[in-house]
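Data block below; observations after.
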Amino acid sequence: MTPPLIAVLNGPNLNMLGLRQPDIYGRGTLDDVEQVCVQAAERLDVAIDFRQTNGEGELVSWVQECRGRARGIVINPGAYSHTSIALLDALLATDLPVVEVHISNIHRREEFRRHSFVSQAATGVICGLGIRGYAMALTALTDIIMDEDER
């Protein structure tokens, strides 16, 4: 049996992890995030498709590609959380469970970061737990997928 596929999508500036504001985002790199996800996926017996882009249109296209291909989406949309209605619409159109992840606690940050359009499409949101939030998101999505399969 083929393990279910979960897309792990990362938005702008996440390629700068470890360099950009380490006092907020920590010293872990995007490669470290990918390793956390790979290890969690192996433990959970799921497959992942891990990607990062700085382009909003490309991120929207990746989300759209998930419909009919993936069983769920883990997304750290970065700053697009606060600005992208296009990303919200794409996530809603997939009809998939979505877990939104933020490395920092967006609710303890600047006012403009406290609102996320993406949250309106998310089954759940994990923020402020560093890069380990990705493993938590994969665990939650795997549980959701298993519950769906039992119905």
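Residues are named by chain letter and number: chains run A, B, ... in the order of the structure tokens, numbers start at 1 in each chain, and ligands are numbered from 1 in the order shown.
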
Considering only strand (DSSP E) as DSSP defines it on the backbone, what residues of segment 5-104 of chain A qualify? List them as a PyMOL selection string. chain A and resi 5-10+47-52+72-76+98-102

Keeping N, CA, C and O atoms for every residue in the selection just given, could you write it to a file as a PDB file, in the first residue's frame?
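And here is the file that came out, part01.pdb:
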ATOM      1  N   LEU A   5       0.327  10.894   0.758  1.00  0.00           N
ATOM      2  CA  LEU A   5       1.231  12.009   0.492  1.00  0.00           C
ATOM      3  C   LEU A   5       0.724  13.274   1.196  1.00  0.00           C
ATOM      4  O   LEU A   5      -0.453  13.630   1.073  1.00  0.00           O
ATOM      5  N   ILE A   6       1.618  13.925   1.912  1.00  0.00           N
ATOM      6  CA  ILE A   6       1.320  15.213   2.537  1.00  0.00           C
ATOM      7  C   ILE A   6       2.290  16.228   1.944  1.00  0.00           C
ATOM      8  O   ILE A   6       3.512  16.031   1.967  1.00  0.00           O
ATOM      9  N   ALA A   7       1.745  17.304   1.393  1.00  0.00           N
ATOM     10  CA  ALA A   7       2.570  18.392   0.871  1.00  0.00           C
ATOM     11  C   ALA A   7       2.992  19.279   2.032  1.00  0.00           C
ATOM     12  O   ALA A   7       2.171  19.636   2.876  1.00  0.00           O
ATOM     13  N   VAL A   8       4.262  19.606   2.087  1.00  0.00           N
ATOM     14  CA  VAL A   8       4.799  20.530   3.091  1.00  0.00           C
ATOM     15  C   VAL A   8       5.326  21.730   2.313  1.00  0.00           C
ATOM     16  O   VAL A   8       6.382  21.663   1.676  1.00  0.00           O
ATOM     17  N   LEU A   9       4.553  22.810   2.347  1.00  0.00           N
ATOM     18  CA  LEU A   9       4.830  23.973   1.506  1.00  0.00           C
ATOM     19  C   LEU A   9       5.275  25.159   2.351  1.00  0.00           C
ATOM     20  O   LEU A   9       4.658  25.462   3.376  1.00  0.00           O
ATOM     21  N   ASN A  10       6.321  25.810   1.902  1.00  0.00           N
ATOM     22  CA  ASN A  10       6.916  26.925   2.620  1.00  0.00           C
ATOM     23  C   ASN A  10       6.976  28.151   1.731  1.00  0.00           C
ATOM     24  O   ASN A  10       7.384  28.070   0.571  1.00  0.00           O
ATOM     25  N   ALA A  47       4.296   9.849   3.148  1.00  0.00           N
ATOM     26  CA  ALA A  47       5.245  10.444   2.206  1.00  0.00           C
ATOM     27  C   ALA A  47       5.063  11.954   2.249  1.00  0.00           C
ATOM     28  O   ALA A  47       3.952  12.446   2.494  1.00  0.00           O
ATOM     29  N   ILE A  48       6.144  12.686   2.022  1.00  0.00           N
ATOM     30  CA  ILE A  48       6.032  14.138   1.973  1.00  0.00           C
ATOM     31  C   ILE A  48       6.619  14.670   0.668  1.00  0.00           C
ATOM     32  O   ILE A  48       7.490  14.049   0.054  1.00  0.00           O
ATOM     33  N   ASP A  49       6.109  15.809   0.270  1.00  0.00           N
ATOM     34  CA  ASP A  49       6.644  16.585  -0.841  1.00  0.00           C
ATOM     35  C   ASP A  49       6.977  17.945  -0.238  1.00  0.00           C
ATOM     36  O   ASP A  49       6.079  18.739   0.036  1.00  0.00           O
ATOM     37  N   PHE A  50       8.261  18.183   0.024  1.00  0.00           N
ATOM     38  CA  PHE A  50       8.723  19.369   0.742  1.00  0.00           C
ATOM     39  C   PHE A  50       9.208  20.401  -0.268  1.00  0.00           C
ATOM     40  O   PHE A  50      10.091  20.113  -1.075  1.00  0.00           O
ATOM     41  N   ARG A  51       8.641  21.620  -0.203  1.00  0.00           N
ATOM     42  CA  ARG A  51       9.006  22.669  -1.160  1.00  0.00           C
ATOM     43  C   ARG A  51       9.036  24.037  -0.487  1.00  0.00           C
ATOM     44  O   ARG A  51       8.343  24.259   0.501  1.00  0.00           O
ATOM     45  N   GLN A  52       9.790  24.947  -1.097  1.00  0.00           N
ATOM     46  CA  GLN A  52       9.830  26.345  -0.659  1.00  0.00           C
ATOM     47  C   GLN A  52       9.899  27.243  -1.880  1.00  0.00           C
ATOM     48  O   GLN A  52      10.580  26.934  -2.862  1.00  0.00           O
ATOM     49  N   GLY A  72      -3.245  15.884   2.265  1.00  0.00           N
ATOM     50  CA  GLY A  72      -3.294  17.022   3.165  1.00  0.00           C
ATOM     51  C   GLY A  72      -2.132  17.948   2.892  1.00  0.00           C
ATOM     52  O   GLY A  72      -1.208  17.615   2.148  1.00  0.00           O
ATOM     53  N   ILE A  73      -2.207  19.138   3.513  1.00  0.00           N
ATOM     54  CA  ILE A  73      -1.185  20.163   3.297  1.00  0.00           C
ATOM     55  C   ILE A  73      -0.742  20.723   4.640  1.00  0.00           C
ATOM     56  O   ILE A  73      -1.574  21.137   5.458  1.00  0.00           O
ATOM     57  N   VAL A  74       0.574  20.732   4.857  1.00  0.00           N
ATOM     58  CA  VAL A  74       1.186  21.520   5.921  1.00  0.00           C
ATOM     59  C   VAL A  74       1.751  22.739   5.221  1.00  0.00           C
ATOM     60  O   VAL A  74       2.499  22.599   4.247  1.00  0.00           O
ATOM     61  N   ILE A  75       1.395  23.920   5.697  1.00  0.00           N
ATOM     62  CA  ILE A  75       1.867  25.132   5.029  1.00  0.00           C
ATOM     63  C   ILE A  75       2.345  26.164   6.024  1.00  0.00           C
ATOM     64  O   ILE A  75       1.669  26.450   7.012  1.00  0.00           O
ATOM     65  N   ASN A  76       3.546  26.666   5.758  1.00  0.00           N
ATOM     66  CA  ASN A  76       4.044  27.861   6.422  1.00  0.00           C
ATOM     67  C   ASN A  76       4.082  28.917   5.337  1.00  0.00           C
ATOM     68  O   ASN A  76       5.040  28.982   4.566  1.00  0.00           O
ATOM     69  N   VAL A  98      -5.797  21.102   6.075  1.00  0.00           N
ATOM     70  CA  VAL A  98      -4.635  21.991   6.039  1.00  0.00           C
ATOM     71  C   VAL A  98      -4.229  22.311   7.475  1.00  0.00           C
ATOM     72  O   VAL A  98      -5.086  22.640   8.299  1.00  0.00           O
ATOM     73  N   VAL A  99      -2.934  22.208   7.746  1.00  0.00           N
ATOM     74  CA  VAL A  99      -2.406  22.689   9.020  1.00  0.00           C
ATOM     75  C   VAL A  99      -1.421  23.808   8.704  1.00  0.00           C
ATOM     76  O   VAL A  99      -0.448  23.600   7.975  1.00  0.00           O
ATOM     77  N   GLU A 100      -1.711  24.980   9.234  1.00  0.00           N
ATOM     78  CA  GLU A 100      -0.859  26.153   9.072  1.00  0.00           C
ATOM     79  C   GLU A 100       0.180  26.151  10.188  1.00  0.00           C
ATOM     80  O   GLU A 100      -0.157  25.927  11.349  1.00  0.00           O
ATOM     81  N   VAL A 101       1.441  26.402   9.815  1.00  0.00           N
ATOM     82  CA  VAL A 101       2.536  26.397  10.777  1.00  0.00           C
ATOM     83  C   VAL A 101       3.268  27.734  10.717  1.00  0.00           C
ATOM     84  O   VAL A 101       3.528  28.252   9.627  1.00  0.00           O
ATOM     85  N   HIS A 102       3.581  28.248  11.898  1.00  0.00           N
ATOM     86  CA  HIS A 102       4.466  29.415  12.020  1.00  0.00           C
ATOM     87  C   HIS A 102       5.504  29.092  13.080  1.00  0.00           C
ATOM     88  O   HIS A 102       5.149  28.619  14.168  1.00  0.00           O
TER      89      HIS A 102
END

List as a ChimeraX atom specification the protein and nucleic acid residues near Asp95 of chain A, meaning an atom at most 12 Å away when only C-alpha atoms are counted, but skip any in the same chain fewer than 4 places from it. /A:63-73,88-91,121-123

Taking 2 positions as the minimum chain separation for residues in the same chain, which residues sit within 8 Å of Gly130 of chain A when counting only C-alpha atoms? Answer as a PDB file with C-alpha atoms, in the first residue's frame.
ATOM      1  CA  TYR A  25      13.068  32.248  14.171  1.00  0.00           C
ATOM      2  CA  GLY A  26      15.946  30.365  15.784  1.00  0.00           C
ATOM      3  CA  HIS A 102       4.466  29.415  12.020  1.00  0.00           C
ATOM      4  CA  ILE A 103       7.838  29.052  13.699  1.00  0.00           C
ATOM      5  CA  SER A 104       7.273  32.161  15.818  1.00  0.00           C
ATOM      6  CA  CYS A 127       2.589  28.643  16.012  1.00  0.00           C
ATOM      7  CA  GLY A 128       5.390  29.594  18.330  1.00  0.00           C
ATOM      8  CA  ARG A 132       9.264  21.166  15.802  1.00  0.00           C
ATOM      9  CA  GLY A 133       5.826  22.585  14.947  1.00  0.00           C
TER      10      GLY A 133
END

Expected answer as a PyMOL selection string: helix (DSSP H, G or I) residues in chain A: chain A and resi 14-16+22-25+30-44+56-66+78-82+85-94+106-108+111-114+118-120+132-150

Residues within 10 Å of Asn54 of chain A, only C-alpha atoms, excluding chain neighbours under 3 positions, as a list in words: Asn10, Gly11, Pro12, Asn13, Leu14, Asn15, Gly57, Glu58, Leu59, Pro77, Gly78, Ala79 and Tyr80 of chain A

Suppose we keep N, CA, C and O atoms; can you now write the selection as a short mmCIF file (atom, residue, chain, number, x, y, z; two decimals), in the first residue's frame?
data_model
loop_
_atom_site.label_atom_id
_atom_site.label_comp_id
_atom_site.auth_asym_id
_atom_site.auth_seq_id
_atom_site.Cartn_x
_atom_site.Cartn_y
_atom_site.Cartn_z
N ASN A 10 6.32 25.81 1.90
CA ASN A 10 6.92 26.93 2.62
C ASN A 10 6.98 28.15 1.73
O ASN A 10 7.38 28.07 0.57
N GLY A 11 6.61 29.29 2.30
CA GLY A 11 6.55 30.53 1.56
C GLY A 11 7.80 31.37 1.65
O GLY A 11 8.89 30.87 1.97
N PRO A 12 7.65 32.66 1.41
CA PRO A 12 8.79 33.56 1.24
C PRO A 12 9.66 33.70 2.47
O PRO A 12 9.18 33.69 3.60
N ASN A 13 10.94 33.81 2.19
CA ASN A 13 12.00 34.06 3.17
C ASN A 13 12.33 32.88 4.06
O ASN A 13 13.27 32.96 4.86
N LEU A 14 11.60 31.77 3.94
CA LEU A 14 11.93 30.62 4.76
C LEU A 14 13.25 29.98 4.32
O LEU A 14 13.89 29.29 5.11
N ASN A 15 13.68 30.27 3.11
CA ASN A 15 15.01 29.85 2.67
C ASN A 15 16.11 30.59 3.43
O ASN A 15 17.27 30.19 3.40
N GLY A 57 2.57 33.35 -6.71
CA GLY A 57 1.92 32.59 -7.78
C GLY A 57 2.35 31.14 -7.80
O GLY A 57 1.54 30.23 -8.01
N GLU A 58 3.63 30.90 -7.59
CA GLU A 58 4.13 29.53 -7.56
C GLU A 58 3.54 28.76 -6.38
O GLU A 58 3.14 27.60 -6.52
N LEU A 59 3.46 29.41 -5.22
CA LEU A 59 2.87 28.77 -4.05
C LEU A 59 1.40 28.43 -4.30
O LEU A 59 0.95 27.32 -3.99
N PRO A 77 3.04 29.73 5.26
CA PRO A 77 2.95 30.69 4.16
C PRO A 77 3.81 31.93 4.36
O PRO A 77 3.84 32.81 3.50
N GLY A 78 4.53 32.01 5.49
CA GLY A 78 5.33 33.20 5.74
C GLY A 78 4.45 34.44 5.70
O GLY A 78 3.29 34.42 6.14
N ALA A 79 4.97 35.50 5.13
CA ALA A 79 4.24 36.77 5.09
C ALA A 79 2.96 36.70 4.26
O ALA A 79 2.06 37.53 4.45
N TYR A 80 2.85 35.72 3.38
CA TYR A 80 1.61 35.60 2.61
C TYR A 80 0.41 35.26 3.49
O TYR A 80 -0.73 35.44 3.08
#

Please provide the set of residues having any atom within 9 Å of Ala140 of chain A, restricted to only C-alpha atoms, with same-chain residues fewer than 4 positions apart removed, written as a PDB file with N, CA, C and O atoms, in the first residue's frame.
ATOM      1  N   VAL A  99      -2.934  22.208   7.746  1.00  0.00           N
ATOM      2  CA  VAL A  99      -2.406  22.689   9.020  1.00  0.00           C
ATOM      3  C   VAL A  99      -1.421  23.808   8.704  1.00  0.00           C
ATOM      4  O   VAL A  99      -0.448  23.600   7.975  1.00  0.00           O
ATOM      5  N   GLY A 124      -6.257  23.411  11.414  1.00  0.00           N
ATOM      6  CA  GLY A 124      -5.603  23.792  12.660  1.00  0.00           C
ATOM      7  C   GLY A 124      -4.402  24.664  12.387  1.00  0.00           C
ATOM      8  O   GLY A 124      -3.912  24.735  11.260  1.00  0.00           O
ATOM      9  N   ALA A 135       6.690  18.885  12.733  1.00  0.00           N
ATOM     10  CA  ALA A 135       6.458  17.476  13.095  1.00  0.00           C
ATOM     11  C   ALA A 135       5.083  17.328  13.737  1.00  0.00           C
ATOM     12  O   ALA A 135       4.369  16.351  13.475  1.00  0.00           O
ATOM     13  N   MET A 136       4.712  18.294  14.566  1.00  0.00           N
ATOM     14  CA  MET A 136       3.381  18.265  15.188  1.00  0.00           C
ATOM     15  C   MET A 136       2.291  18.370  14.125  1.00  0.00           C
ATOM     16  O   MET A 136       1.263  17.683  14.208  1.00  0.00           O
ATOM     17  N   ILE A 144      -5.720  12.942  11.128  1.00  0.00           N
ATOM     18  CA  ILE A 144      -6.927  13.340  10.375  1.00  0.00           C
ATOM     19  C   ILE A 144      -7.141  12.402   9.196  1.00  0.00           C
ATOM     20  O   ILE A 144      -8.273  11.946   8.944  1.00  0.00           O
ATOM     21  N   ILE A 145      -6.080  12.085   8.467  1.00  0.00           N
ATOM     22  CA  ILE A 145      -6.185  11.181   7.327  1.00  0.00           C
ATOM     23  C   ILE A 145      -6.637   9.788   7.767  1.00  0.00           C
ATOM     24  O   ILE A 145      -7.502   9.174   7.123  1.00  0.00           O
TER      25      ILE A 145
END

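For the set A:Gly18, A:Met1, A:Ile131, A:His82, the residue with the smallest atom-to-atom gap to Ala40 of chain A is A:Ile131, counting only C-alpha atoms.
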
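Here the question is which of A:His115, A:Arg109, A:Arg43, A:Arg151 gets nearest to Ile24 of chain A using only C-alpha atoms, and that residue is A:Arg109.
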
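The two atoms in question, atom CA of Val33 of chain A and atom CA of Ser61 of chain A, are spaced 22.0 Å apart.
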
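In terms of minimum interatomic distance to Leu87 of chain A, A:Glu56 ranks closest within A:Asp143, A:Asp23, A:Glu42, A:Glu56, counting only C-alpha atoms.
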
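Here atom CA of Val46 of chain A stands at a distance of 4.9 Å from atom CA of Pro3 of chain A.
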